[in-house]
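A.B. asks: Handing over model.cif, mmCIF, C-alpha atoms.
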data_final
#
loop_
_atom_site.group_PDB
_atom_site.id
_atom_site.type_symbol
_atom_site.label_atom_id
_atom_site.label_comp_id
_atom_site.auth_asym_id
_atom_site.auth_seq_id
_atom_site.Cartn_x
_atom_site.Cartn_y
_atom_site.Cartn_z
ATOM 1 C CA MET W 1 206.976 -66.293 7.679
ATOM 2 C CA SER W 2 208.480 -68.899 5.347
ATOM 3 C CA LYS W 3 210.043 -67.782 2.088
ATOM 4 C CA ILE W 4 207.701 -68.252 -0.871
ATOM 5 C CA ASN W 5 209.335 -69.813 -3.924
ATOM 6 C CA ALA W 6 207.595 -67.892 -6.719
ATOM 7 C CA HIS W 7 208.285 -70.556 -9.330
ATOM 8 C CA ARG W 8 207.751 -74.281 -9.837
ATOM 9 C CA MET W 9 209.877 -76.489 -7.621
ATOM 10 C CA ALA W 10 210.151 -80.240 -7.072
ATOM 11 C CA ALA W 11 211.366 -82.182 -4.052
ATOM 12 C CA GLN W 12 214.468 -84.300 -4.289
ATOM 13 C CA ILE W 13 215.597 -86.793 -1.656
ATOM 14 C CA GLU W 14 218.462 -89.273 -1.724
ATOM 15 C CA GLY W 15 217.681 -92.974 -1.501
ATOM 16 C CA ASP W 16 214.634 -94.828 -0.208
ATOM 17 C CA PHE W 17 212.451 -93.274 2.482
ATOM 18 C CA VAL W 18 209.254 -93.887 4.433
ATOM 19 C CA VAL W 19 206.087 -91.784 4.533
ATOM 20 C CA PHE W 20 204.252 -92.181 7.822
ATOM 21 C CA LEU W 21 200.757 -90.724 8.199
ATOM 22 C CA LEU W 22 199.301 -90.619 11.677
ATOM 23 C CA GLY W 23 196.246 -89.021 13.047
ATOM 24 C CA MET W 24 193.621 -88.616 15.693
ATOM 25 C CA ARG W 25 189.852 -88.303 15.328
ATOM 26 C CA VAL W 26 187.630 -86.867 18.040
ATOM 27 C CA ASN W 27 184.516 -89.030 18.095
ATOM 28 C CA LYS W 28 182.865 -87.501 21.175
ATOM 29 C CA PHE W 29 183.654 -83.785 21.527
ATOM 30 C CA TRP W 30 182.154 -83.613 25.024
ATOM 31 C CA LYS W 31 184.700 -86.137 26.323
ATOM 32 C CA ILE W 32 187.569 -83.659 26.341
ATOM 33 C CA HIS W 33 189.151 -85.542 29.261
ATOM 34 C CA GLN W 34 189.635 -88.461 26.839
ATOM 35 C CA TRP W 35 190.876 -86.796 23.647
ATOM 36 C CA LEU W 36 192.860 -83.828 24.988
ATOM 37 C CA PRO W 37 195.526 -86.008 26.676
ATOM 38 C CA VAL W 38 195.881 -87.988 23.437
ATOM 39 C CA ALA W 39 196.407 -84.765 21.477
ATOM 40 C CA MET W 40 198.838 -83.410 24.072
ATOM 41 C CA ALA W 41 200.922 -86.608 24.066
ATOM 42 C CA MET W 42 202.256 -85.800 20.593
ATOM 43 C CA THR W 43 204.185 -82.670 21.646
ATOM 44 C CA PRO W 44 206.860 -84.437 23.741
ATOM 45 C CA MET W 45 207.322 -87.031 20.997
ATOM 46 C CA LEU W 46 207.900 -84.387 18.338
ATOM 47 C CA LYS W 47 210.298 -82.400 20.540
ATOM 48 C CA GLU W 48 212.219 -85.595 21.230
ATOM 49 C CA LEU W 49 212.441 -86.506 17.532
ATOM 50 C CA LEU W 50 213.293 -83.010 16.302
ATOM 51 C CA GLY W 51 216.037 -82.762 18.922
ATOM 52 C CA ASN W 52 217.662 -85.984 17.732
ATOM 53 C CA PRO W 53 218.662 -86.023 14.030
ATOM 54 C CA GLU W 54 219.901 -89.620 14.425
ATOM 55 C CA SER W 55 216.276 -90.719 15.048
ATOM 56 C CA GLY W 56 215.739 -90.941 11.294
ATOM 57 C CA LEU W 57 212.917 -88.385 11.133
ATOM 58 C CA LEU W 58 213.584 -86.285 8.016
ATOM 59 C CA GLY W 59 210.669 -83.847 8.140
ATOM 60 C CA MET W 60 206.984 -83.443 8.886
ATOM 61 C CA GLN W 61 203.846 -81.434 8.196
ATOM 62 C CA TYR W 62 200.757 -80.891 10.395
ATOM 63 C CA HIS W 63 197.163 -80.813 9.167
ATOM 64 C CA PHE W 64 194.331 -79.836 11.525
ATOM 65 C CA GLY W 65 190.586 -80.008 11.044
ATOM 66 C CA LEU W 66 187.587 -79.633 13.314
ATOM 67 C CA ARG W 67 187.333 -83.329 14.164
ATOM 68 C CA ASP W 68 190.536 -84.765 12.709
ATOM 69 C CA SER W 69 194.224 -83.997 12.887
ATOM 70 C CA MET W 70 196.965 -85.593 10.836
ATOM 71 C CA LEU W 71 200.729 -85.516 10.845
ATOM 72 C CA VAL W 72 202.685 -86.471 7.737
ATOM 73 C CA GLN W 73 206.199 -87.607 8.577
ATOM 74 C CA TYR W 74 209.123 -88.557 6.355
ATOM 75 C CA TRP W 75 211.595 -91.093 7.748
ATOM 76 C CA ARG W 76 214.930 -92.394 6.474
ATOM 77 C CA SER W 77 213.734 -96.000 6.902
ATOM 78 C CA PHE W 78 211.060 -98.224 8.393
ATOM 79 C CA GLU W 79 213.712 -99.523 10.796
ATOM 80 C CA HIS W 80 214.241 -96.004 12.182
ATOM 81 C CA LEU W 81 210.486 -95.513 12.617
ATOM 82 C CA GLU W 82 209.974 -98.860 14.302
ATOM 83 C CA ALA W 83 212.985 -98.416 16.587
ATOM 84 C CA TYR W 84 211.507 -95.146 17.864
ATOM 85 C CA ALA W 85 208.006 -96.590 18.269
ATOM 86 C CA ARG W 86 209.259 -99.553 20.322
ATOM 87 C CA ALA W 87 211.887 -97.756 22.433
ATOM 88 C CA LYS W 88 210.707 -98.040 26.027
ATOM 89 C CA ASP W 89 212.910 -95.094 27.078
ATOM 90 C CA LYS W 90 211.313 -92.689 24.543
ATOM 91 C CA SER W 91 207.995 -90.787 24.740
ATOM 92 C CA HIS W 92 205.982 -92.870 22.256
ATOM 93 C CA PHE W 93 205.948 -96.245 23.989
ATOM 94 C CA PRO W 94 204.609 -95.066 27.386
ATOM 95 C CA ALA W 95 202.011 -92.876 25.609
ATOM 96 C CA TRP W 96 200.865 -95.915 23.591
ATOM 97 C CA VAL W 97 200.565 -98.029 26.757
ATOM 98 C CA GLU W 98 198.608 -95.229 28.475
ATOM 99 C CA PHE W 99 196.246 -94.836 25.496
ATOM 100 C CA ASN W 100 195.453 -98.550 25.569
ATOM 101 C CA ARG W 101 194.985 -98.521 29.348
ATOM 102 C CA LYS W 102 192.692 -95.461 29.507
ATOM 103 C CA ILE W 103 190.893 -95.528 26.145
ATOM 104 C CA GLY W 104 191.556 -98.749 24.280
ATOM 105 C CA SER W 105 188.542 -99.397 22.063
ATOM 106 C CA ASN W 106 185.905 -97.363 23.946
ATOM 107 C CA GLY W 107 185.016 -95.280 20.857
ATOM 108 C CA ASP W 108 185.708 -91.825 22.357
ATOM 109 C CA VAL W 109 188.800 -90.925 20.357
ATOM 110 C CA GLY W 110 190.324 -92.667 17.378
ATOM 111 C CA ILE W 111 193.943 -92.926 16.397
ATOM 112 C CA TRP W 112 195.361 -94.300 13.164
ATOM 113 C CA HIS W 113 198.485 -94.559 11.075
ATOM 114 C CA GLU W 114 199.595 -95.662 7.634
ATOM 115 C CA THR W 115 203.167 -96.432 6.576
ATOM 116 C CA TYR W 116 204.508 -96.373 3.015
ATOM 117 C CA LYS W 117 207.990 -97.419 1.898
ATOM 118 C CA VAL W 118 209.078 -95.364 -1.110
ATOM 119 C CA SER W 119 211.893 -96.567 -3.364
ATOM 120 C CA ALA W 120 214.422 -94.046 -4.603
ATOM 121 C CA GLY W 121 213.036 -92.059 -7.538
ATOM 122 C CA GLN W 122 209.529 -93.554 -7.245
ATOM 123 C CA TYR W 123 207.736 -90.354 -6.285
ATOM 124 C CA GLU W 124 206.918 -87.027 -7.845
ATOM 125 C CA THR W 125 206.142 -83.631 -6.374
ATOM 126 C CA VAL W 126 205.531 -80.118 -7.575
ATOM 127 C CA TYR W 127 205.141 -76.891 -5.606
ATOM 128 C CA ASN W 128 204.304 -73.516 -7.162
ATOM 129 C CA ASN W 129 204.222 -70.268 -5.200
ATOM 130 C CA MET W 130 204.831 -72.254 -2.015
ATOM 131 C CA PRO W 131 207.360 -72.223 0.795
ATOM 132 C CA ALA W 132 209.193 -75.491 1.429
ATOM 133 C CA TYR W 133 206.397 -77.961 2.133
ATOM 134 C CA GLY W 134 205.825 -81.700 2.479
ATOM 135 C CA LEU W 135 208.641 -83.797 1.041
ATOM 136 C CA GLY W 136 210.358 -80.522 0.167
ATOM 137 C CA THR W 137 211.034 -80.017 3.890
ATOM 138 C CA ALA W 138 212.545 -83.498 4.282
ATOM 139 C CA GLY W 139 214.802 -83.363 1.239
ATOM 140 C CA SER W 140 215.723 -80.418 -0.924
ATOM 141 C CA LEU W 141 213.869 -78.315 -3.474
ATOM 142 C CA VAL W 142 215.070 -78.096 -7.064
ATOM 143 C CA PRO W 143 213.580 -76.201 -10.029
ATOM 144 C CA ALA W 144 210.845 -78.163 -11.825
ATOM 145 C CA THR W 145 212.425 -77.586 -15.215
ATOM 146 C CA GLY W 146 213.780 -79.822 -17.952
ATOM 147 C CA LYS W 147 213.086 -83.460 -17.093
ATOM 148 C CA ARG W 148 211.272 -82.322 -13.917
ATOM 149 C CA GLU W 149 208.803 -80.157 -15.856
ATOM 150 C CA THR W 150 206.135 -82.897 -16.094
ATOM 151 C CA ALA W 151 204.833 -85.469 -13.606
ATOM 152 C CA LYS W 152 205.958 -88.230 -15.958
ATOM 153 C CA GLY W 153 209.451 -86.746 -16.102
ATOM 154 C CA ARG W 154 209.608 -86.380 -12.315
ATOM 155 C CA MET W 155 208.704 -90.075 -12.039
ATOM 156 C CA GLY W 156 211.648 -91.006 -14.234
ATOM 157 C CA GLY W 157 209.813 -91.305 -17.545
ATOM 158 C CA SER W 158 210.648 -89.512 -20.773
ATOM 159 C CA VAL W 159 209.396 -85.982 -21.221
#
How does this structure look as structure tokens?

C.D. replies:
Amino acid sequence: MSKINAHRMAAQIEGDFVVFLLGMRVNKFWKIHQWLPVAMAMTPMLKELLGNPESGLLGMQYHFGLRDSMLVQYWRSFEHLEAYARAKDKSHFPAWVEFNRKIGSNGDVGIWHETYKVSAGQYETVYNNMPAYGLGTAGSLVPATGKRETAKGRMGGSV
């Protein structure tokens, strides 16, 4: 079990970074032969990325629901993310080709992503009674005291 930080903490990360949200939505539960391979394709990608710190992946967090799943990833740069996505010798590219070949736009299972470039210091976080989570797993956690006590302060404004 992860250590609970029983006080207010904030995430801190050096420089610019990218937040990449990606997910899958099961549209037709009975078509397990369509959505299960899509869900299973993520495991080799994550193992590959986690085993290669030079990939640029800084951290990630899973979120699962009945119909939807989402993965929040933190990357050093958009260039790192795009290089991985387009690398023909890595797990993502062949999985993407296979998805388009077998499913495409048939409506059985949906996939999506959103990418956000975040400039240094242009974010704010707070965690209370939580283990390292979210951006706190990609960077470091620091006490949310002094200037970091308020959201405005964490965003670089005056307290």

A.B. asks: Considering only C-alpha atoms, can you say which of W:Val26, W:Val19, W:Trp96, W:Asp89 comes closest to Ser77 (chain W)?

C.D. replies: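 Among the listed residues, W:Val19 lies closest to Ser77 (chain W).
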
A.B. asks: Which of these, W:Gly104, W:Gly156, W:Pro44, W:Gly23, has the shortest distance to Val72 (chain W) once you count all atoms listed in the file?

C.D. replies: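 Residue with the minimum atom-to-atom distance to Val72 (chain W): W:Gly23.
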
A.B. asks: Do you know which residues the PyMOL selection byres ((chain W and resi 140-143) around 9) returns on this file, as a PyMOL selection string?

C.D. replies: chain W and resi 7-13+132+135-139+144-146+148-149

A.B. asks: To test your reading of the syntax: which residues would the PyMOL selection byres ((chain W and resi 3) around 12) return for the file shown? Reply as a PyMOL selection string.

C.D. replies: chain W and resi 1-2+4-7+129-133

A.B. asks: Would you mind telling me which residue in W:Asn128, W:Glu79, W:Thr150, W:Leu66 lies nearest to Asn27 (chain W) when using all atoms listed in the file?

C.D. replies: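 For Asn27 (chain W), the nearest of the candidates is W:Leu66.
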
A.B. asks: To one decimal place, how far is CA of Ser91 (chain W) from CA of Leu50 (chain W) in Å?

C.D. replies: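 Spanning CA of Ser91 (chain W) to CA of Leu50 (chain W) is a straight-line distance of 12.6 Å.
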
A.B. asks: Show me, as a PDB file with C-alpha atoms, in the frame of the given file, the residues that have an atom within 9 Å of Tyr84 (chain W) when counting all atoms listed in the file, minus same-chain residues fewer than 4 positions from it.

C.D. replies:
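Now in selection.pdb:
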ATOM      1  CA  LEU W  49     212.441 -86.506  17.532  1.00  0.00           C
ATOM      2  CA  SER W  55     216.276 -90.719  15.048  1.00  0.00           C
ATOM      3  CA  GLY W  56     215.739 -90.941  11.294  1.00  0.00           C
ATOM      4  CA  GLU W  79     213.712 -99.523  10.796  1.00  0.00           C
ATOM      5  CA  HIS W  80     214.241 -96.004  12.182  1.00  0.00           C
ATOM      6  CA  LYS W  88     210.707 -98.040  26.027  1.00  0.00           C
ATOM      7  CA  LYS W  90     211.313 -92.689  24.543  1.00  0.00           C
ATOM      8  CA  SER W  91     207.995 -90.787  24.740  1.00  0.00           C
ATOM      9  CA  HIS W  92     205.982 -92.870  22.256  1.00  0.00           C
ATOM     10  CA  PHE W  93     205.948 -96.245  23.989  1.00  0.00           C
TER      11      PHE W  93
END

A.B. asks: Counting all atoms listed in the file, I want the residues whose atoms come within 12 Å of (196.5, -89.0, 24.2) in the file frame, returned as a ChimeraX atom specification.

C.D. replies: /W:23-26,32-45,91-104,108-111

A.B. asks: To one decimal place in Å, what is the distance between CA of Tyr74 (chain W) and CA of Gly107 (chain W)?

C.D. replies: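 Going from CA of Tyr74 (chain W) over to CA of Gly107 (chain W) covers 28.9 Å.
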
A.B. asks: To verify the selection step, state as a ChimeraX atom specification which residues the PyMOL selection byres ((chain W and resi 119) around 10) yields on this input.

C.D. replies: /W:14-18,116-118,120-123

A.B. asks: Would you mind reading off the distance between CA of Leu21 (chain W) and CA of Glu82 (chain W), one decimal, in Å?

C.D. replies: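 Computed distance, CA of Leu21 (chain W) to CA of Glu82 (chain W), equals 13.7 Å.
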
A.B. asks: Kindly compute an axis-aligned box around the listed atoms of region 38-50 of chain W, allowing 5 Å on each side, and express its centre and edge lengths in Å to one decimal as JSON.

C.D. replies:
{"center_x": 204.6, "center_y": -85.2, "center_z": 20.2, "size_x": 27.4, "size_y": 15.6, "size_z": 17.8}

A.B. asks: Which residue, W:Leu22, W:Val126, W:Glu114, W:Gly134, has the smallest gap to Lys152 (chain W) when you use only C-alpha atoms?

C.D. replies: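 Of the candidates, the smallest distance to Lys152 (chain W) is held by W:Val126.
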